[in-house]
Each structure stands twice: as structure tokens, then as C-alpha cells.
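What follows is the content of target-v4.cif, which has mmCIF, C-alpha atoms and all ligand atoms:
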```cif
data_data
loop_
_atom_site.label_atom_id
_atom_site.label_comp_id
_atom_site.auth_asym_id
_atom_site.auth_seq_id
_atom_site.Cartn_x
_atom_site.Cartn_y
_atom_site.Cartn_z
CA MET A 113 10.79 13.60 -64.77
CA PRO A 114 8.01 12.19 -62.54
CA THR A 115 6.00 14.70 -60.54
CA SER A 116 4.53 14.37 -57.04
CA THR A 117 1.02 14.52 -58.48
CA GLY A 118 -0.83 12.50 -61.10
CA THR A 119 -0.10 8.93 -62.15
CA ASN A 120 3.68 9.43 -62.37
CA ALA A 121 3.99 10.31 -58.64
CA ASN A 122 7.42 9.55 -57.20
CA PRO A 123 7.07 6.21 -55.31
CA LEU A 124 9.43 7.45 -52.60
CA VAL A 125 7.29 10.51 -51.94
CA GLU A 126 4.21 8.30 -51.79
CA GLU A 127 5.97 5.86 -49.42
CA ASN A 128 7.06 8.77 -47.25
CA ARG A 129 3.51 10.11 -47.06
CA LYS A 130 2.17 6.67 -46.02
CA LEU A 131 4.83 6.31 -43.32
CA LYS A 132 3.98 9.77 -41.96
CA GLU A 133 0.32 8.79 -41.84
CA GLN A 134 1.12 5.55 -39.99
CA LEU A 135 3.29 7.43 -37.53
CA ALA A 136 0.57 9.99 -36.88
CA LEU A 137 -1.93 7.16 -36.29
CA LEU A 138 0.46 5.42 -33.87
CA ASN A 139 0.98 8.68 -32.00
CA ARG A 140 -2.77 9.24 -31.78
CA GLU A 141 -3.23 5.67 -30.45
CA ARG A 142 -0.48 6.24 -27.87
CA ILE A 143 -2.04 9.47 -26.66
CA GLU A 144 -5.50 7.86 -26.44
CA TYR A 145 -4.02 4.92 -24.53
CA LEU A 146 -2.23 7.23 -22.08
CA GLN A 147 -5.37 9.30 -21.55
CA ASN A 148 -7.44 6.17 -21.06
CA VAL A 149 -5.08 4.57 -18.53
CA SER A 150 -4.64 7.75 -16.51
CA HIS A 151 -8.39 8.28 -16.51
CA GLN A 152 -8.94 4.70 -15.28
CA LEU A 153 -6.24 5.04 -12.60
CA VAL A 154 -7.87 8.10 -11.07
CA ALA A 155 -11.05 6.19 -10.10
CA PRO A 156 -9.50 3.58 -7.74
CA LEU A 157 -7.03 6.12 -6.31
CA ASN A 158 -9.84 8.54 -5.52
CA ALA A 159 -11.84 5.72 -3.95
CA ILE A 160 -8.84 4.83 -1.75
CA LYS A 161 -8.49 8.48 -0.68
CA TRP A 162 -12.20 8.68 0.09
CA HIS A 163 -12.14 5.44 2.16
CA ILE A 164 -9.11 6.61 4.15
CA GLU A 165 -10.78 9.94 4.80
CA ASN A 166 -13.80 8.00 6.06
CA LEU A 167 -11.61 6.06 8.46
CA THR A 168 -9.82 9.10 9.83
CA HIS A 169 -12.93 11.25 10.40
CA GLY A 170 -15.36 10.42 13.15
CA ARG A 171 -15.92 7.20 15.00
CA VAL A 172 -15.87 4.04 13.00
CA SER A 173 -16.88 0.67 14.46
CA ILE A 174 -14.40 -2.19 14.12
CA GLU A 175 -16.81 -3.99 11.78
CA ARG A 176 -17.21 -0.91 9.57
CA GLY A 177 -13.46 -0.29 9.69
CA LYS A 178 -12.77 -3.80 8.43
CA LYS A 179 -15.23 -3.33 5.59
CA VAL A 180 -13.63 -0.05 4.55
CA LEU A 181 -10.17 -1.63 4.66
CA ARG A 182 -11.37 -4.47 2.44
CA SER A 183 -12.61 -1.88 -0.07
CA VAL A 184 -9.26 -0.09 0.09
CA TYR A 185 -7.53 -3.41 -0.65
CA SER A 186 -9.88 -4.10 -3.55
CA GLN A 187 -9.35 -0.67 -5.11
CA ALA A 188 -5.60 -0.97 -4.61
CA THR A 189 -5.74 -4.30 -6.50
CA VAL A 190 -7.41 -2.53 -9.43
CA ALA A 191 -4.83 0.28 -9.42
CA VAL A 192 -1.89 -2.14 -9.29
CA HIS A 193 -3.44 -4.25 -12.06
CA LEU A 194 -3.80 -1.19 -14.32
CA ALA A 195 -0.33 0.11 -13.56
CA LYS A 196 1.25 -3.30 -14.32
CA ASN A 197 -0.52 -3.49 -17.69
CA PHE A 198 0.69 0.01 -18.45
CA ALA A 199 4.31 -0.89 -17.62
CA LEU A 200 4.06 -4.12 -19.62
CA MET A 201 2.73 -2.34 -22.71
CA SER A 202 5.92 -0.35 -23.16
CA ASN A 203 8.16 -3.38 -22.47
CA LEU A 204 6.28 -5.69 -24.79
CA GLU A 205 6.30 -3.19 -27.63
CA ALA A 206 10.09 -3.18 -27.43
CA ASP A 207 10.98 -6.80 -26.57
CA HIS A 208 9.81 -9.69 -28.66
CA THR A 209 11.46 -12.78 -27.24
CA LEU A 210 12.07 -14.41 -23.91
CA ILE A 211 15.81 -14.02 -24.44
CA ALA A 212 15.39 -10.26 -24.64
CA LEU A 213 13.64 -10.18 -21.26
CA ARG A 214 15.86 -9.95 -18.23
CA GLU A 215 13.47 -11.61 -15.77
CA PRO A 216 14.55 -15.06 -14.60
CA LEU A 217 12.35 -18.12 -15.12
CA GLN A 218 11.04 -19.78 -11.98
CA PRO A 219 8.87 -22.83 -11.23
CA VAL A 220 5.33 -21.66 -10.52
CA ASN A 221 2.50 -23.64 -8.96
CA LEU A 222 -0.41 -22.42 -11.11
CA CYS A 223 -3.03 -23.68 -8.67
CA GLN A 224 -1.60 -21.49 -5.89
CA LEU A 225 -1.18 -18.51 -8.22
CA LEU A 226 -4.83 -18.76 -9.35
CA VAL A 227 -6.15 -19.12 -5.80
CA ASN A 228 -4.23 -15.96 -4.81
CA LEU A 229 -5.55 -14.04 -7.83
CA ALA A 230 -9.10 -15.19 -7.15
CA ASP A 231 -8.75 -13.90 -3.56
CA ASP A 232 -7.47 -10.57 -4.88
CA PHE A 233 -10.30 -10.07 -7.36
CA GLN A 234 -13.15 -11.60 -5.33
CA PRO A 235 -13.99 -8.32 -3.51
CA GLN A 236 -14.86 -6.72 -6.85
CA GLY A 237 -17.40 -9.46 -7.43
CA TRP A 238 -19.17 -8.91 -4.11
CA ASP A 239 -21.31 -6.01 -5.29
CA LYS A 240 -22.91 -8.14 -8.01
CA GLU A 241 -22.70 -11.34 -5.95
CA VAL A 242 -20.32 -12.94 -8.39
CA ASP A 243 -18.27 -15.80 -6.96
CA ILE A 244 -14.90 -16.96 -8.22
CA SER A 245 -14.23 -20.62 -7.60
CA VAL A 246 -10.91 -22.30 -8.32
CA GLU A 247 -11.28 -26.06 -8.58
CA ASN A 248 -8.24 -27.54 -6.89
CA GLN A 249 -8.50 -30.94 -8.53
CA PRO A 250 -6.77 -31.93 -10.73
CA LEU A 251 -4.81 -28.68 -11.05
CA ASN A 252 -3.06 -29.07 -7.71
CA THR A 253 -1.41 -32.30 -8.90
CA ALA A 254 0.07 -30.62 -12.01
CA PRO A 255 3.83 -29.95 -11.96
CA ALA A 256 5.07 -26.39 -11.54
CA VAL A 257 5.55 -24.54 -14.83
CA LEU A 258 8.85 -22.78 -15.57
CA VAL A 259 7.83 -19.21 -16.40
CA ILE A 260 8.47 -15.54 -15.72
CA LYS A 261 6.11 -15.33 -12.75
CA PRO A 262 5.07 -11.65 -12.82
CA LEU A 263 4.24 -11.91 -16.52
CA ILE A 264 2.19 -15.10 -16.25
CA SER A 265 0.47 -13.68 -13.19
CA GLN A 266 -0.58 -10.68 -15.30
CA VAL A 267 -2.00 -13.00 -18.00
CA PHE A 268 -4.39 -14.61 -15.51
CA SER A 269 -4.97 -11.31 -13.77
CA ASN A 270 -6.22 -9.85 -17.08
CA ILE A 271 -8.48 -12.84 -17.77
CA ILE A 272 -9.93 -12.99 -14.24
CA GLU A 273 -10.40 -9.21 -14.05
CA ASN A 274 -12.37 -9.39 -17.31
CA ALA A 275 -14.43 -12.32 -16.05
CA VAL A 276 -15.44 -10.35 -12.94
CA LYS A 277 -16.07 -7.14 -14.88
CA TYR A 278 -18.13 -8.76 -17.64
CA SER A 279 -20.05 -11.30 -15.49
CA ALA A 280 -23.79 -11.10 -14.97
CA PRO A 281 -25.03 -10.46 -11.41
CA ARG A 282 -25.33 -13.60 -9.24
CA SER A 283 -23.26 -15.74 -11.59
CA GLU A 284 -20.21 -17.89 -10.99
CA ILE A 285 -16.71 -17.77 -12.45
CA THR A 286 -15.07 -21.18 -12.63
CA VAL A 287 -11.34 -21.76 -12.91
CA VAL A 288 -10.22 -25.32 -13.74
CA GLY A 289 -6.97 -26.75 -14.97
CA SER A 290 -5.20 -29.99 -15.78
CA TYR A 291 -1.85 -31.47 -16.73
CA ASP A 292 -1.20 -33.23 -20.05
CA SER A 293 1.68 -35.64 -19.44
CA VAL A 294 2.11 -36.45 -23.15
CA GLN A 295 2.58 -32.82 -24.20
CA ASP A 296 4.07 -31.87 -20.82
CA THR A 297 1.77 -28.84 -20.65
CA VAL A 298 -0.66 -27.37 -18.12
CA THR A 299 -3.95 -25.91 -19.36
CA VAL A 300 -6.17 -23.54 -17.41
CA HIS A 301 -9.76 -22.61 -18.36
CA VAL A 302 -11.59 -19.59 -16.95
CA GLN A 303 -15.33 -19.65 -17.61
CA ASN A 304 -17.94 -16.97 -16.91
CA ASP A 305 -21.47 -15.93 -17.86
CA GLY A 306 -22.22 -12.34 -18.66
CA ILE A 307 -22.04 -10.03 -21.64
CA ARG A 308 -22.34 -11.94 -24.87
CA LEU A 309 -19.53 -12.49 -27.29
CA LYS A 310 -20.24 -13.41 -30.91
CA THR A 311 -18.38 -16.43 -32.32
CA GLU A 312 -16.78 -14.19 -34.95
CA GLU A 313 -15.33 -12.07 -32.12
CA VAL A 314 -13.45 -14.84 -30.28
CA ASP A 315 -10.21 -14.20 -32.15
CA ARG A 316 -10.66 -10.43 -32.39
CA VAL A 317 -10.60 -10.02 -28.57
CA PHE A 318 -6.81 -10.52 -28.68
CA GLU A 319 -6.29 -7.67 -31.16
CA ARG A 320 -4.59 -4.52 -29.90
CA GLY A 321 -7.33 -2.17 -28.68
CA TYR A 322 -10.32 -4.33 -29.70
CA ARG A 323 -13.46 -3.95 -27.54
CA SER A 324 -16.86 -5.44 -28.39
CA GLN A 325 -19.81 -3.08 -28.74
CA GLU A 326 -21.45 -4.66 -25.70
CA ALA A 327 -18.32 -4.20 -23.58
CA LYS A 328 -18.07 -0.55 -24.67
CA SER A 329 -21.63 0.26 -23.67
CA ALA A 330 -21.55 -1.72 -20.40
CA TYR A 331 -18.08 -0.47 -19.32
CA PRO A 332 -16.99 2.62 -21.26
CA ALA A 333 -13.64 2.72 -19.42
CA GLY A 334 -11.25 0.18 -20.88
CA THR A 335 -8.30 0.15 -23.20
CA GLY A 336 -8.83 -3.15 -25.03
CA PHE A 337 -5.17 -3.96 -24.41
CA GLY A 338 -5.52 -6.54 -21.60
CA LEU A 339 -5.92 -9.62 -23.78
CA TYR A 340 -3.45 -8.35 -26.37
CA ILE A 341 -0.86 -8.17 -23.56
CA ALA A 342 -1.90 -11.64 -22.37
CA LYS A 343 -1.47 -13.09 -25.86
CA ARG A 344 1.96 -11.52 -26.27
CA ILE A 345 3.13 -12.91 -22.92
CA VAL A 346 1.80 -16.40 -23.64
CA ALA A 347 3.51 -16.38 -27.06
CA ILE A 348 6.81 -15.39 -25.42
CA HIS A 349 6.36 -18.48 -23.20
CA GLU A 350 5.69 -20.65 -26.27
CA GLY A 351 2.18 -21.36 -25.02
CA LYS A 352 -1.32 -20.90 -26.43
CA ILE A 353 -4.28 -18.74 -25.48
CA SER A 354 -7.77 -18.97 -26.94
CA CYS A 355 -11.33 -17.91 -26.35
CA ALA A 356 -14.51 -19.89 -27.01
CA VAL A 357 -18.23 -19.35 -26.60
CA GLU A 358 -20.19 -22.33 -25.29
CA PRO A 359 -23.63 -23.26 -26.67
CA LYS A 360 -25.38 -21.59 -23.69
CA GLY A 361 -23.33 -18.42 -24.13
CA SER A 362 -20.66 -18.88 -21.42
CA VAL A 363 -17.30 -17.42 -22.39
CA VAL A 364 -14.21 -19.57 -21.78
CA PHE A 365 -10.61 -18.43 -21.94
CA SER A 366 -7.99 -21.20 -22.11
CA VAL A 367 -4.26 -20.90 -21.57
CA THR A 368 -1.79 -23.73 -22.21
CA LEU A 369 1.77 -23.44 -20.96
CA PRO A 370 4.71 -25.79 -21.45
CA VAL A 371 6.06 -27.13 -18.15
CA LYS A 372 9.77 -26.81 -18.81
CA ALA A 373 10.28 -26.32 -22.54
CA LEU A 374 11.80 -22.92 -21.78
CA GLU A 375 14.65 -24.17 -19.62
CA GLY A 376 17.84 -22.24 -20.42
CA LYS A 377 16.06 -19.92 -22.83
CA THR A 378 16.12 -16.64 -20.92
CA ARG A 379 19.16 -14.43 -20.70
CA GLN A 380 20.97 -14.68 -17.38
CA ARG A 381 20.78 -11.52 -15.32
CA GLU A 382 24.05 -9.66 -15.57
CA PRO A 383 25.71 -8.06 -12.51
CA LYS A 384 25.03 -4.57 -13.96
CA ASP A 385 21.31 -5.44 -14.27
CA ARG A 386 21.21 -6.54 -10.66
CA ALA A 387 23.04 -3.41 -9.53
CA ALA A 388 20.49 -1.33 -11.44
CA GLY A 389 17.68 -3.28 -9.71
CA ARG A 390 16.41 -4.76 -13.01
N1 LIG A 401 -15.06 -12.65 -19.98
C1 LIG A 401 -15.45 -11.98 -21.05
N2 LIG A 401 -16.74 -12.06 -21.47
C2 LIG A 401 -17.15 -11.40 -22.57
N3 LIG A 401 -16.34 -10.60 -23.32
C3 LIG A 401 -15.07 -10.50 -22.95
C4 LIG A 401 -14.55 -11.17 -21.81
N4 LIG A 401 -13.24 -10.87 -21.69
C5 LIG A 401 -12.95 -10.04 -22.71
N5 LIG A 401 -14.04 -9.80 -23.45
C6 LIG A 401 -14.10 -8.97 -24.67
O1 LIG A 401 -12.79 -8.77 -25.15
C7 LIG A 401 -12.48 -7.37 -25.23
C8 LIG A 401 -11.01 -7.16 -25.02
O2 LIG A 401 -10.65 -7.44 -23.67
P1 LIG A 401 -9.40 -6.70 -23.02
O3 LIG A 401 -9.18 -7.25 -21.67
O4 LIG A 401 -8.30 -6.76 -23.99
O5 LIG A 401 -9.86 -5.17 -22.95
P2 LIG A 401 -10.91 -4.46 -21.98
O6 LIG A 401 -11.31 -5.36 -20.87
O7 LIG A 401 -12.00 -3.95 -22.85
O8 LIG A 401 -10.08 -3.21 -21.46
P3 LIG A 401 -8.99 -3.24 -20.27
O9 LIG A 401 -8.46 -4.65 -20.15
O10 LIG A 401 -7.99 -2.25 -20.68
O11 LIG A 401 -9.75 -2.80 -19.06
C9 LIG A 401 -13.41 -6.74 -24.20
O12 LIG A 401 -13.63 -5.38 -24.44
C10 LIG A 401 -14.68 -7.57 -24.39
O13 LIG A 401 -15.35 -7.13 -25.53
MG MG A 402 -9.64 -6.31 -19.78
#
```

Would you encode the structure as C-alpha cells?
Ligand SMILES: Nc1ncnc2c1ncn2[C@@H]1O[C@H](COP(=O)(O)OP(=O)(O)OP(=O)(O)O)[C@@H](O)[C@H]1O
Ligand SMILES: [Mg+2]
Amino acid sequence: MPTSTGTNANPLVEENRKLKEQLALLNRERIEYLQNVSHQLVAPLNAIKWHIENLTHGRVSIERGKKVLRSVYSQATVAVHLAKNFALMSNLEADHTLIALREPLQPVNLCQLLVNLADDFQPQGWDKEVDISVENQPLNTAPAVLVIKPLISQVFSNIIENAVKYSAPRSEITVVGSYDSVQDTVTVHVQNDGIRLKTEEVDRVFERGYRSQEAKSAYPAGTGFGLYIAKRIVAIHEGKISCAVEPKGSVVFSVTLPVKALEGKTRQREPKDRAAGR
């Protein structure tokens, strides 16, 4: 009769112990993630409170008022961005295919989407004089891509937010894109100069929870889930996402999406989904 100790240990007992360990690790990761996100959410919400308090107390010139409102908008963008990632994390852990998602596909003009995101994140670049420029040509001649808009928007939101956060002062973020008529795909590149990334890290950045040492010391707050979420969403859309470091050290994130390969691939919304507001 095998015992639970020594070389004849029951394989089932051993398997059970390993599973318990994995579960405990997953639980620890979940708790850390929750603590991290809630900690990060408090900062922009407090800033919004503080700005509003500033506006309501004492006399504020119109010029100053406008500036404060712009800061409120910028902090609200950060809070919404964090909250969306948080909501997506739980959905993506459960759903693995486009069919499983209830959101409808819709044609999206990527040029317009990127211009809007750049406008949203630009205020965060002001402090370090970082400019985001979206090159219209040739992206604005590309056909609309058939995607789940809020998800694809979050992919670029995560990449652009990183670019602003990790950029060096007085540098420029460039967003360019083009259409490949042979493959029927649109590719977007986001390039920035800032904290360094080693070539051996370019694939690791998409791992769940991975953060480079430099990112950790420059910006201790961060979950390391943004690019993992982006990769999952791009895979669901049958696209590709990659990261590269250029010879001079610029970091470039590239996303390629099929234009209409996904037609008919998502589940139609059922009346009960609509009634439930899903
Ligand atoms: N533009 C960039 N330049 C240099 N390194 C980057 C850039 N974008 C991402 N990284 C590296 O990839 C890591 C993972 O990025 P990811 O967005 O997943 O997490 P995060 O930014 O650290 O945290 P969070 O997105 O939760 O705020 C970063 O910690 C950083 O090391
Ligand atoms: Mg990030």
C-alpha cells in the first residue's frame, strides 16, 4: 500500500497538493490585482475631488477654471481607462472566443478612433511636454475594420497610455497606420522614446503581470495586465500584436487587424440579452 510520504507517494495526493498550491497562487494574484487596481483608482478620483473643491471655493478666473476642468477631464480619462481594464480582465478570463462575446461587430474607422484616443490622452503628456501625433495619411484611406469597438478601443488605449506614461520628457509619440490590400488588413504602429526595453523583453511584455525593472522603478503603480489584455483582445479578433525596439532605442507597438474576416463570427444578441442591457 503506497503511503503519502517517501518515493511511493500516492500520485493522486501529490496531484491534489499541486492543484491546491496553484489555486492558492491564483488567489494571491487576484487579491494583489484587486489591491493594485483599487489603489490606482483612488489617485485620479482624489485628484478629481480636489479639482472640484478648488472650483467651488473662492473666486476662480475663467482661464483658471478652464485649466482645472481640463485636468478633471484628464483624470477622469485615467479612471475610466483603469475601470475598463478591470472589467475586461474578468470577462476575458471567462470568454475565449469572439462567438462567446455578446458584443456586436461594427465597422470602425481606425484613424478616427486613434485621433480621439490621442485627444483623450494628450493632457497627460502636457506635464512632460510629450506630444502625440497621429499621421492621417495613409491611415485615413484604409477601409473600416469590422471589430468589437469598445474592445479594440481598449487595445489602443492601453498602448497609447503606456506610450505617454513611459515617454521621456519633451519627446514625441507617433501613430501611423496603413492598409494592406493583398492581406486585407490594417496595421497601426505606435512609436515612443522613453524608458528602455531590452530585446529579450519584447515578447515578455504581453505576459500576464509582467513589468520591466525600469517600469517598476519609474512607475511603481501598475498591474502589468494592460498589454496582456490587449493581446487577448487582438487574438479574439484574429489579428496580431507585437513589440519591437529600434536601433536608437525607440519602442514600437504594432497591431494588425483583418478588415472583414470576422463577418458573421460573433453570436447575435438575443432578446433576453438586450432586455438585460448586455
Ligand atoms: N511604450 C513602452 N515603452 C517601454 N516599455 C513599455 C512600453 N509599454 C509597455 N512597456 C513595458 O511593458 C510592461 C507591461 O505593460 P502593461 O501595459 O501590460 O503593464 P503596466 O503599464 O506596467 O501596468 P498597467 O497597464 O496596469 O498600468 C510595462 O511594465 C513596461 O515594462
Ligand atoms: Mg500599461

Residue contacts of A:Val246 (12 Å, all atoms listed in the file) excluding same-chain residues fewer than 3 positions away, as a list of chain:residue names: A:Leu222, A:Cys223, A:Gln224, A:Leu225, A:Leu226, A:Val227, A:Asn228, A:Leu229, A:Ala230, A:Asp231, A:Gln234, A:Asp243, A:Gln249, A:Pro250, A:Leu251, A:Asn252, A:Ile272, A:Glu284, A:Ile285, A:Thr286, A:Val287, A:Val288, A:Gly289, A:Val300, A:His301, A:Val302, A:Gln303

Counting only C-alpha atoms, which residues in stretch 219-255 of chain A sit no more than 12 Å from stretch 162-185 of chain A? For each one, give the nearest pair of atoms and the distance in Å, sorted by chain then residue number, as a Markdown table.
```
| residue | atom | partner | partner_atom | distance |
| --- | --- | --- | --- | --- |
| A:Asp231 | CA | A:Tyr185 | CA | 11.0 |
| A:Asp232 | CA | A:Tyr185 | CA | 8.3 |
| A:Phe233 | CA | A:Tyr185 | CA | 9.9 |
| A:Gln234 | CA | A:Arg182 | CA | 10.7 |
| A:Pro235 | CA | A:Ser183 | CA | 7.4 |
| A:Gln236 | CA | A:Ser183 | CA | 8.6 |
| A:Gly237 | CA | A:Ser183 | CA | 11.6 |
| A:Trp238 | CA | A:Ser183 | CA | 10.4 |
| A:Asp239 | CA | A:Ser183 | CA | 11.0 |
```

Could you please take those selected residues and save C-alpha atoms as a CSV table (one decimal), in the frame of the given file?
```
chain,number,residue,atom,x,y,z
A,231,ASP,CA,-8.8,-13.9,-3.6
A,232,ASP,CA,-7.5,-10.6,-4.9
A,233,PHE,CA,-10.3,-10.1,-7.4
A,234,GLN,CA,-13.2,-11.6,-5.3
A,235,PRO,CA,-14.0,-8.3,-3.5
A,236,GLN,CA,-14.9,-6.7,-6.8
A,237,GLY,CA,-17.4,-9.5,-7.4
A,238,TRP,CA,-19.2,-8.9,-4.1
A,239,ASP,CA,-21.3,-6.0,-5.3
```

Coordinates-based distance that separates atom CA of A:Phe337 from atom CA of A:Val371 (Å, one decimal):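 Separation of atom CA of A:Val371 and atom CA of A:Phe337: 26.5 Å.
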
All residues having an atom within 6 Å of ligand MG 402 (chain A) (all atoms listed in the file) as number ranges by chain: A: 270, 274, 338

Write the residues you've just listed into a file as a PDB file, in the frame of the given file, and include C-alpha atoms for each of them.
```pdb
ATOM      1  CA  ASN A 270      -6.220  -9.850 -17.080  1.00  0.00           C
ATOM      2  CA  ASN A 274     -12.370  -9.390 -17.310  1.00  0.00           C
ATOM      3  CA  GLY A 338      -5.520  -6.540 -21.600  1.00  0.00           C
TER       4      GLY A 338
END
```

Interatomic distance, atom CA of A:Tyr322 to atom C3 of ligand LIG 401 (chain A) (Å, one decimal): 10.3 Å
